[in-house]
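Structure first, commentary second.
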Amino acid sequence: MKLLAIFVLHKEGDKKVKILQDEFNLESFGYFERRGVQPLLVFSARTVTERTTLGTRQSVEADQNVNAMVHVYVRPDGLASVIIADSEYPQRVAHTLLSKVMDDFTNAYPPSSWAYMGEQTGKMASLSEILRKYQNPQEADPLMRLQKDLDDTKDILKNTLVNVLERGEKIDDLVARSSDLSFEAKAFYKTARKTNRCCTLF
Amino acid sequence: MSLTDWSLLSLLSSSIEQCKSIEFMPLTSNDEYIVYCYCEENIYLCLNLFEIKSIVKLCYSFIFSKDYQEYNQLNILTRVLLCYVTECLTSWNIRRRLVLSGTINIQKELQFLDILLNLKPKSEQLFRYRRWILKQENIQKISINKELEICDRTAEKHFINYASWLYRRWIINYLNINIDEELERNRLWLEKNLSDSSAFSFRAYLLSKKNLNENIIEHELKLNENMLKFYYDRESLWIYRQTLIFLTIKFLSIDKKQLLNKELDLVKTFEENFFSNKYARLLNILLSSDGKQFRN
């Protein structure tokens, strides 16, 4: 059970999504694998947020390459946060954390400044601490008791990445077009797909 | 089978020998040369996923040839082959022979296995061979912490890893590890991996090795109840609770009816879901019959 990454994003208008700050924990991956995994996580965080309407929460199963759930909450004011955790991690805790991350971020940076911030310029110190501390979800227990709107985190839509995409979109095309992914990451994505299919090696 | 093939394999073997971490990733070759591996900072080795087939074929042709049968040659060949295919029993047996003849240093071999276990955390043959190696080694020289760390790591890498938990059971018996300490370690491990039914089954095994009394069982049930409060939607916790009830009925002479009714009351305090319903059904069956169909 682990948290892989936390993102704070800002959604302006309909499609444009800007990552304000991110933090990763990729110790469980191999030295070389990390380079392929990290851009894939950035890519899925951005893709899912782009396709989540303002004021909604959802949990999206990332594709089979990385066994992970993408938990996302886009606030009505356009601030969004994404937590990528493995499927073991309790969904309710993840969504409680999302609210906390955004509250902290709003305290550090006032809403008026979001539109002018550049990609990954957020420097909120508590983000890496949150990622470290809540690796153990039971730490979040007192936090969850404080939360008043816990009831709306109970029945959160669970989705798969394919379902999140709009009509006519294909995940392979998105990967090919994405500027988050380097050439190596795209190669990693493709071969991971191939090898996952079955024992094709022999 | 040419001299260049042989030097390729020796090169691979020496890189495998000196690296601390091995991974398989797709590497792109071009028209002029084929990329077999890639090394960084002298300790991270990346083997090309696309060249597995060719290397394995090459290794086999050398191992089953007449010319490359000296001990140090076989050492090189099996090291490379096992890195690619850990389930090759023939190669493990060759290495067993090499260990017995003193060509392979036991401590070095343990390190090699450690690295391979990162690559293939669920390989039955790997664990089997490691058990064999430990039996050859002086029992004073075996590091208990290292072995337990390997078990933790492989179990975490591969969900419900039978090979790893089986190995742990063997280690507990072979090295005579204190059961209470092991129970505590297991509790901490489960905190982070609580859907792992194999770990719970291991815990039940540890309990059954102790002299069961009411206090132990009560403590376990309480522990389980606390976890259920937080994660009532995990099947593994419910299954473990069921195992505990069966253990109690089998080994302790207590009032069965009272116990089962207490459990039924407890289930009602949790939010209803598929697993809690199933558990409640089982309790009712146990209450209404003598439970003969579940014995053993």
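Just so we're on the same page: first chain in the structure tokens is A, next is B, and so on; residues restart at 1 for each chain, and ligands are numbered from 1 in the order they show up.
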
Neighbour list for Leu113 in chain B as a PyMOL selection string, cut-off 8 Å, only C-alpha atoms, skip fewer than 4 positions in-chain:
chain B and resi 109+117+126+130

Store the residues of this selection in a file with all heavy atoms, as a PDB file, in the first residue's frame.
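Wrote out.pdb, looks like this:
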```pdb
ATOM      1  N   GLU B 109      27.515 -16.283  -3.857  1.00  0.00           N
ATOM      2  CA  GLU B 109      26.339 -16.857  -4.505  1.00  0.00           C
ATOM      3  C   GLU B 109      25.061 -16.345  -3.832  1.00  0.00           C
ATOM      4  O   GLU B 109      24.076 -16.045  -4.509  1.00  0.00           O
ATOM      5  CB  GLU B 109      26.409 -18.390  -4.415  1.00  0.00           C
ATOM      6  CG  GLU B 109      25.341 -19.114  -5.212  1.00  0.00           C
ATOM      7  CD  GLU B 109      25.571 -19.055  -6.711  1.00  0.00           C
ATOM      8  OE1 GLU B 109      26.449 -18.301  -7.141  1.00  0.00           O
ATOM      9  OE2 GLU B 109      24.857 -19.754  -7.436  1.00  0.00           O
ATOM     10  N   LEU B 117      16.475 -12.214  -6.947  1.00  0.00           N
ATOM     11  CA  LEU B 117      15.150 -12.213  -6.315  1.00  0.00           C
ATOM     12  C   LEU B 117      14.434 -10.880  -6.515  1.00  0.00           C
ATOM     13  O   LEU B 117      13.212 -10.827  -6.483  1.00  0.00           O
ATOM     14  CB  LEU B 117      15.265 -12.526  -4.824  1.00  0.00           C
ATOM     15  CG  LEU B 117      15.375 -14.009  -4.510  1.00  0.00           C
ATOM     16  CD1 LEU B 117      15.723 -14.233  -3.058  1.00  0.00           C
ATOM     17  CD2 LEU B 117      14.075 -14.734  -4.835  1.00  0.00           C
ATOM     18  N   LEU B 126      14.361 -20.444  -7.489  1.00  0.00           N
ATOM     19  CA  LEU B 126      15.313 -19.563  -6.818  1.00  0.00           C
ATOM     20  C   LEU B 126      15.286 -19.798  -5.309  1.00  0.00           C
ATOM     21  O   LEU B 126      16.329 -19.939  -4.673  1.00  0.00           O
ATOM     22  CB  LEU B 126      14.922 -18.108  -7.098  1.00  0.00           C
ATOM     23  CG  LEU B 126      15.810 -17.315  -8.029  1.00  0.00           C
ATOM     24  CD1 LEU B 126      15.173 -15.986  -8.337  1.00  0.00           C
ATOM     25  CD2 LEU B 126      17.150 -17.103  -7.397  1.00  0.00           C
ATOM     26  N   ARG B 130      18.139 -21.387  -2.892  1.00  0.00           N
ATOM     27  CA  ARG B 130      18.657 -20.628  -1.753  1.00  0.00           C
ATOM     28  C   ARG B 130      18.594 -21.476  -0.478  1.00  0.00           C
ATOM     29  O   ARG B 130      19.507 -21.455   0.335  1.00  0.00           O
ATOM     30  CB  ARG B 130      17.872 -19.329  -1.578  1.00  0.00           C
ATOM     31  CG  ARG B 130      18.617 -18.334  -0.705  1.00  0.00           C
ATOM     32  CD  ARG B 130      17.952 -16.994  -0.590  1.00  0.00           C
ATOM     33  NE  ARG B 130      18.669 -16.201   0.404  1.00  0.00           N
ATOM     34  CZ  ARG B 130      19.622 -15.321   0.113  1.00  0.00           C
ATOM     35  NH1 ARG B 130      19.966 -15.107  -1.115  1.00  0.00           N
ATOM     36  NH2 ARG B 130      20.249 -14.672   1.075  1.00  0.00           N
TER      37      ARG B 130
END
```

Could you find all residues in range 40-166 of chain B that DSSP calls strand (DSSP E or B) from the backbone, and write them as a PDB file with N, CA and C atoms, in the first residue's frame?
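Output saved as result11.pdb:
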```
ATOM      1  N   GLU B  40      24.877   1.797 -15.895  1.00  0.00           N
ATOM      2  CA  GLU B  40      25.098   3.159 -15.430  1.00  0.00           C
ATOM      3  C   GLU B  40      25.706   3.144 -14.041  1.00  0.00           C
ATOM      4  N   TYR B  44      24.165  -0.183 -11.888  1.00  0.00           N
ATOM      5  CA  TYR B  44      22.819  -0.418 -12.415  1.00  0.00           C
ATOM      6  C   TYR B  44      22.915  -1.001 -13.809  1.00  0.00           C
ATOM      7  N   LEU B  45      22.410  -2.224 -13.943  1.00  0.00           N
ATOM      8  CA  LEU B  45      22.499  -2.887 -15.236  1.00  0.00           C
ATOM      9  C   LEU B  45      21.107  -3.024 -15.833  1.00  0.00           C
ATOM     10  N   CYS B  46      21.015  -2.721 -17.125  1.00  0.00           N
ATOM     11  CA  CYS B  46      19.752  -2.847 -17.812  1.00  0.00           C
ATOM     12  C   CYS B  46      19.940  -3.806 -18.979  1.00  0.00           C
ATOM     13  N   LEU B  47      19.195  -4.909 -18.990  1.00  0.00           N
ATOM     14  CA  LEU B  47      19.327  -5.872 -20.077  1.00  0.00           C
ATOM     15  C   LEU B  47      18.218  -5.628 -21.097  1.00  0.00           C
ATOM     16  N   ASN B  48      18.537  -5.852 -22.329  1.00  0.00           N
ATOM     17  CA  ASN B  48      17.565  -5.560 -23.381  1.00  0.00           C
ATOM     18  C   ASN B  48      16.475  -6.623 -23.458  1.00  0.00           C
TER      19      ASN B  48
END
```

Just want the 9 Å neighbourhood of Thr154 in chain B, counted on only C-alpha atoms, with same-chain residues fewer than 3 positions away dropped. Output as a list in words.
Leu117, Asn118, Lys120, Pro121, Lys122, Glu149, Ile150, Cys151, Lys157, His158, Phe159, Asn161 and Ser164 of chain B

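The part of chain A that reaches within 8 Å of chain B is made up of Met1, Lys2, Gly30, Tyr31, Phe32, Glu33, Glu88, Pro90, Asn136, Gln138, Ala187, Phe188, Thr191, Leu201 and Phe202 of chain A, counting only C-alpha atoms.
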
May I have the residues from that selection written out with N, CA, C and O atoms, as a PDB file, in the first residue's frame?
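Full text of result-v1.pdb as output:
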```pdb
ATOM      1  N   MET A   1       0.839  -1.182   0.000  1.00  0.00           N
ATOM      2  CA  MET A   1       0.000   0.000   0.000  1.00  0.00           C
ATOM      3  C   MET A   1       0.879   1.239   0.000  1.00  0.00           C
ATOM      4  O   MET A   1       1.659   1.436   0.909  1.00  0.00           O
ATOM      5  N   LYS A   2       0.810   2.015  -1.072  1.00  0.00           N
ATOM      6  CA  LYS A   2       1.654   3.210  -1.093  1.00  0.00           C
ATOM      7  C   LYS A   2       1.087   4.304  -1.979  1.00  0.00           C
ATOM      8  O   LYS A   2       0.288   4.063  -2.876  1.00  0.00           O
ATOM      9  N   GLY A  30      12.432   0.093 -10.214  1.00  0.00           N
ATOM     10  CA  GLY A  30      13.861  -0.032 -10.490  1.00  0.00           C
ATOM     11  C   GLY A  30      14.435   1.269 -11.020  1.00  0.00           C
ATOM     12  O   GLY A  30      13.710   2.159 -11.453  1.00  0.00           O
ATOM     13  N   TYR A  31      15.752   1.334 -10.987  1.00  0.00           N
ATOM     14  CA  TYR A  31      16.473   2.544 -11.380  1.00  0.00           C
ATOM     15  C   TYR A  31      16.098   3.018 -12.784  1.00  0.00           C
ATOM     16  O   TYR A  31      15.842   4.200 -13.009  1.00  0.00           O
ATOM     17  N   PHE A  32      16.016   2.106 -13.721  1.00  0.00           N
ATOM     18  CA  PHE A  32      15.715   2.481 -15.108  1.00  0.00           C
ATOM     19  C   PHE A  32      14.210   2.644 -15.330  1.00  0.00           C
ATOM     20  O   PHE A  32      13.772   3.478 -16.096  1.00  0.00           O
ATOM     21  N   GLU A  33      13.462   1.808 -14.610  1.00  0.00           N
ATOM     22  CA  GLU A  33      12.010   1.801 -14.780  1.00  0.00           C
ATOM     23  C   GLU A  33      11.419   3.158 -14.386  1.00  0.00           C
ATOM     24  O   GLU A  33      10.492   3.642 -15.007  1.00  0.00           O
ATOM     25  N   GLU A  88      -4.313  -0.819  -3.448  1.00  0.00           N
ATOM     26  CA  GLU A  88      -4.517  -1.162  -2.051  1.00  0.00           C
ATOM     27  C   GLU A  88      -4.961   0.030  -1.217  1.00  0.00           C
ATOM     28  O   GLU A  88      -5.642  -0.115  -0.222  1.00  0.00           O
ATOM     29  N   PRO A  90      -6.736   2.922   0.570  1.00  0.00           N
ATOM     30  CA  PRO A  90      -8.174   3.177   0.705  1.00  0.00           C
ATOM     31  C   PRO A  90      -8.595   4.479   0.019  1.00  0.00           C
ATOM     32  O   PRO A  90      -7.965   5.514   0.197  1.00  0.00           O
ATOM     33  N   ASN A 136       1.237   5.585   5.330  1.00  0.00           N
ATOM     34  CA  ASN A 136       0.423   4.748   6.198  1.00  0.00           C
ATOM     35  C   ASN A 136      -0.933   5.420   6.368  1.00  0.00           C
ATOM     36  O   ASN A 136      -1.057   6.429   7.051  1.00  0.00           O
ATOM     37  N   GLN A 138      -3.458   4.961   8.087  1.00  0.00           N
ATOM     38  CA  GLN A 138      -4.068   5.125   9.406  1.00  0.00           C
ATOM     39  C   GLN A 138      -3.691   6.450  10.046  1.00  0.00           C
ATOM     40  O   GLN A 138      -4.370   6.931  10.935  1.00  0.00           O
ATOM     41  N   ALA A 187       8.248   4.413 -25.761  1.00  0.00           N
ATOM     42  CA  ALA A 187       8.691   3.054 -26.065  1.00  0.00           C
ATOM     43  C   ALA A 187       8.365   2.133 -24.899  1.00  0.00           C
ATOM     44  O   ALA A 187       7.901   1.011 -25.091  1.00  0.00           O
ATOM     45  N   PHE A 188       8.573   2.654 -23.673  1.00  0.00           N
ATOM     46  CA  PHE A 188       8.278   1.874 -22.471  1.00  0.00           C
ATOM     47  C   PHE A 188       6.801   1.527 -22.425  1.00  0.00           C
ATOM     48  O   PHE A 188       6.410   0.391 -22.189  1.00  0.00           O
ATOM     49  N   THR A 191       5.965  -1.226 -25.154  1.00  0.00           N
ATOM     50  CA  THR A 191       6.429  -2.583 -24.880  1.00  0.00           C
ATOM     51  C   THR A 191       5.758  -3.146 -23.644  1.00  0.00           C
ATOM     52  O   THR A 191       5.484  -4.331 -23.581  1.00  0.00           O
ATOM     53  N   LEU A 201       7.173 -13.623 -25.150  1.00  0.00           N
ATOM     54  CA  LEU A 201       8.624 -13.617 -25.332  1.00  0.00           C
ATOM     55  C   LEU A 201       9.143 -14.909 -25.939  1.00  0.00           C
ATOM     56  O   LEU A 201      10.098 -14.907 -26.695  1.00  0.00           O
ATOM     57  N   PHE A 202       8.507 -16.008 -25.593  1.00  0.00           N
ATOM     58  CA  PHE A 202       9.037 -17.270 -26.107  1.00  0.00           C
ATOM     59  C   PHE A 202       8.042 -17.953 -27.039  1.00  0.00           C
ATOM     60  O   PHE A 202       6.856 -17.828 -26.862  1.00  0.00           O
TER      61      PHE A 202
END
```

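Among the candidates B:Lys262, B:Arg153, B:Lys278, B:Arg169, the one nearest to Trp238 in chain B when counting only C-alpha atoms is B:Lys278.
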
Got a sec: who's within 12 Å of Tyr279 in chain B, counting only C-alpha atoms, leaving out chain neighbours fewer than 3 positions off, as a list of chain:residue names?
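Everything that qualifies: B:Tyr232, B:Glu235, B:Ser236, B:Leu237, B:Trp238, B:Ile239, B:Tyr240, B:Arg241, B:Gln242, B:Thr243, B:Ile245, B:Leu260, B:Glu263, B:Leu264, B:Asp265, B:Leu266, B:Val267, B:Lys268, B:Phe270, B:Glu272, B:Asn273, B:Phe274, B:Phe275, B:Ser276, B:Leu282, B:Leu283, B:Asn284, B:Ile285, B:Leu286.
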
If we count only C-alpha atoms, what is near Thr53 in chain A at a cut-off of 12 Å, once residues fewer than 3 positions away on the same chain are taken out, given as a count of residues only?
22

Neighbour list for Ile217 in chain B as JSON, numbers by chain, cut-off 9 Å, only C-alpha atoms, skip fewer than 6 positions in-chain:
{"B": [207, 244, 245, 247, 248]}

Could you take the residues named above and write them with N, CA and C atoms, as a tab-separated table (two decimals), in the first residue's frame?
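Contents of result-v4.tsv, freshly written:
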```tsv
chain	number	residue	atom	x	y	z
B	207	LEU	N	0.56	-18.65	14.96
B	207	LEU	CA	-0.27	-18.82	16.16
B	207	LEU	C	-0.39	-20.29	16.52
B	244	LEU	N	-9.56	-17.48	12.74
B	244	LEU	CA	-9.38	-17.37	14.19
B	244	LEU	C	-10.51	-18.08	14.93
B	245	ILE	N	-11.74	-17.89	14.44
B	245	ILE	CA	-12.88	-18.54	15.09
B	245	ILE	C	-12.76	-20.06	15.03
B	247	LEU	N	-9.98	-21.77	14.77
B	247	LEU	CA	-8.89	-22.15	15.68
B	247	LEU	C	-9.40	-22.22	17.12
B	248	THR	N	-10.21	-21.22	17.49
B	248	THR	CA	-10.72	-21.18	18.86
B	248	THR	C	-11.60	-22.38	19.14
```

Nearest to Asn213 in chain B, chosen from B:Ile115, B:Leu287, B:Cys88, B:Ile254, with only C-alpha atoms counted in the distances:
B:Ile254

Write out as a list in words each polymer residue whose atoms come within 12 Å of Gly118 in chain A, counting only C-alpha atoms; drop sequence neighbours fewer than 5 positions from it.
Leu9, His10, Val17, Lys18, Ile19, Leu20, Gln21, Ser113 and Lys123 of chain A

Select from range 48-117 of chain B everything DSSP, run on the backbone, classes as alpha helix (DSSP H), then give the selection as number ranges by chain.
B: 52-63, 71-84, 89-101, 106-117

Do you have the CA of Phe64 in chain B-CA of Tyr129 in chain B distance handy?
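Atom-to-atom, CA of Phe64 in chain B and CA of Tyr129 in chain B are spaced 21.4 Å apart.
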
For a quick check of understanding, using only C-alpha atoms, which of B:Ser101, B:Ser15, B:Ser143, B:Asn93 has the smallest distance to Glu41 in chain B?
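Counting only C-alpha atoms, the residue closest to Glu41 in chain B is B:Ser15.
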
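If you look at CA of Ser99 in chain A and CA of Leu161 in chain A, they are 22.2 Å away from each other.
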